[in-house]
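Participant: Shown below is the structure under consideration.
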Amino acid sequence: GARLGGCSAVVFLSPSGQVLDGAGRAALADYVASGGGFCGVHAASTAEPDWPFYAELVGARFTRHPEVQQARVRVEDGAHPATAHLGPTWTLTDEWYDFDRDPRGGGARVLLSVEEDTYRGGGMGPGHPLAWCRDVGAGRSFYTALGHPSSAYADPEFRTHLLGGIRYAAAW
């Protein structure tokens, strides 16, 4: 973890597949275990598919998505820095991920869910998780499934959501 010791948080911005070698995996696991922060964005839930620690770190794995379309997001926890700027719902266009599990079962605090009756092709049912946070060891993890379209990064509400997640992970 020495190489990450000066970092406030590690951000995985939509990587997929295996992105770390053995030394990188050990450094990230040690960093988080000793209090470091992790922020995963969108496709980060597809990365490191054969590393069990990473699945625990992210909280759930991507399984499928329908086409990009507009949907309504429900703010489940408006007290978090990633959601405090939002009203009770938020309508936007993105790629709506389904996951292999509900991260609530692993102790995650779900911040946003997507209302499946507002788009076509959802497969998780009511309370479909979209963004969450949790403690991992002595560290913190934040994940948001939002962020597929490049236009999202021009949206002040999305940027504030992402910054709040990074600040949470970094304990700022």
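Starting from 1 in every chain, residues are counted up; chains themselves are A, B, ... following the order of the structure tokens, and ligands are numbered from 1 as listed.
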Once you count only C-alpha atoms, what closest atom pair and distance in Å to one decimal does each residue of segment 118-160 of chain A within 12 Å of segment 41-57 of chain A have, with rows by chain and rising residue number, as JSON lines?
Facilitator:
{"residue": "A:Leu130", "atom": "CA", "partner": "A:His42", "partner_atom": "CA", "distance": 9.5}
{"residue": "A:Ala131", "atom": "CA", "partner": "A:Val41", "partner_atom": "CA", "distance": 9.3}
{"residue": "A:Trp132", "atom": "CA", "partner": "A:Val41", "partner_atom": "CA", "distance": 11.0}
{"residue": "A:Cys133", "atom": "CA", "partner": "A:Leu57", "partner_atom": "CA", "distance": 9.8}
{"residue": "A:Arg134", "atom": "CA", "partner": "A:Leu57", "partner_atom": "CA", "distance": 8.5}
{"residue": "A:Asp135", "atom": "CA", "partner": "A:Leu57", "partner_atom": "CA", "distance": 8.7}
{"residue": "A:Val136", "atom": "CA", "partner": "A:Leu57", "partner_atom": "CA", "distance": 6.4}
{"residue": "A:Gly137", "atom": "CA", "partner": "A:Leu57", "partner_atom": "CA", "distance": 9.4}
{"residue": "A:Ala138", "atom": "CA", "partner": "A:Leu57", "partner_atom": "CA", "distance": 11.8}
{"residue": "A:Gly139", "atom": "CA", "partner": "A:Leu57", "partner_atom": "CA", "distance": 9.6}
{"residue": "A:Arg140", "atom": "CA", "partner": "A:Leu57", "partner_atom": "CA", "distance": 8.7}
{"residue": "A:Ser141", "atom": "CA", "partner": "A:Leu57", "partner_atom": "CA", "distance": 6.4}
{"residue": "A:Phe142", "atom": "CA", "partner": "A:Val41", "partner_atom": "CA", "distance": 8.5}
{"residue": "A:Tyr143", "atom": "CA", "partner": "A:Val41", "partner_atom": "CA", "distance": 5.9}
{"residue": "A:Thr144", "atom": "CA", "partner": "A:Val41", "partner_atom": "CA", "distance": 5.2}
{"residue": "A:Ala145", "atom": "CA", "partner": "A:His42", "partner_atom": "CA", "distance": 4.1}
{"residue": "A:Leu146", "atom": "CA", "partner": "A:His42", "partner_atom": "CA", "distance": 5.4}
{"residue": "A:Gly147", "atom": "CA", "partner": "A:His42", "partner_atom": "CA", "distance": 5.6}
{"residue": "A:His148", "atom": "CA", "partner": "A:His42", "partner_atom": "CA", "distance": 6.3}
{"residue": "A:Pro149", "atom": "CA", "partner": "A:His42", "partner_atom": "CA", "distance": 10.0}
{"residue": "A:Ser150", "atom": "CA", "partner": "A:His42", "partner_atom": "CA", "distance": 11.7}
{"residue": "A:Ala152", "atom": "CA", "partner": "A:His42", "partner_atom": "CA", "distance": 11.4}
{"residue": "A:Tyr153", "atom": "CA", "partner": "A:Val41", "partner_atom": "CA", "distance": 11.8}
{"residue": "A:Phe158", "atom": "CA", "partner": "A:Val41", "partner_atom": "CA", "distance": 11.5}
{"residue": "A:Arg159", "atom": "CA", "partner": "A:Val41", "partner_atom": "CA", "distance": 11.8}
Participant: Excluding segment 89-91 of chain A and its own-chain neighbours fewer than 2 positions away, which residues fall within 12 Å of it when counting only C-alpha atoms? Please give them as a list in words.
Facilitator: Gln69, Gln70, Ala71, Arg72, Val73, Arg74, Val75, Glu76, Asp77, Gly78, Thr83, Ala84, His85, Leu86, Gly87, Thr93, Asp94, Leu111, Leu112, Ser113, Val114, Glu115, Thr118, Tyr119, Leu146, Glu157, Phe158 and His161 of chain A
Participant: With only C-alpha atoms as the atoms that count, which of A:Gly59, A:Pro81, A:Gly122, A:Gly107 lies nearest to Glu95 of chain A?
Facilitator: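 Answer, going by the shortest atom-to-atom distance: A:Gly122.
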Participant: Please provide the set of residues having any atom within 7 Å of Gly123 of chain A, restricted to only C-alpha atoms, with same-chain residues fewer than 2 positions apart removed, written as a count of residues only.
Facilitator: 3
Participant: Can you list every residue in chain A that DSSP puts in strand (DSSP E or B), as a VMD selection string?
Facilitator: chain A and resid 9 to 13 17 37 to 41 47 62 to 64 69 to 75 89 to 94 98 to 99 109 to 114 129 to 136 139 to 144
Participant: Considering only C-alpha atoms, state which residue in the set A:Gly6, A:Pro88, A:Gly127, A:Gly105 is at the smallest distance from Gly37 of chain A.
Facilitator: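 So, comparing all the options, the nearest one is A:Gly6.
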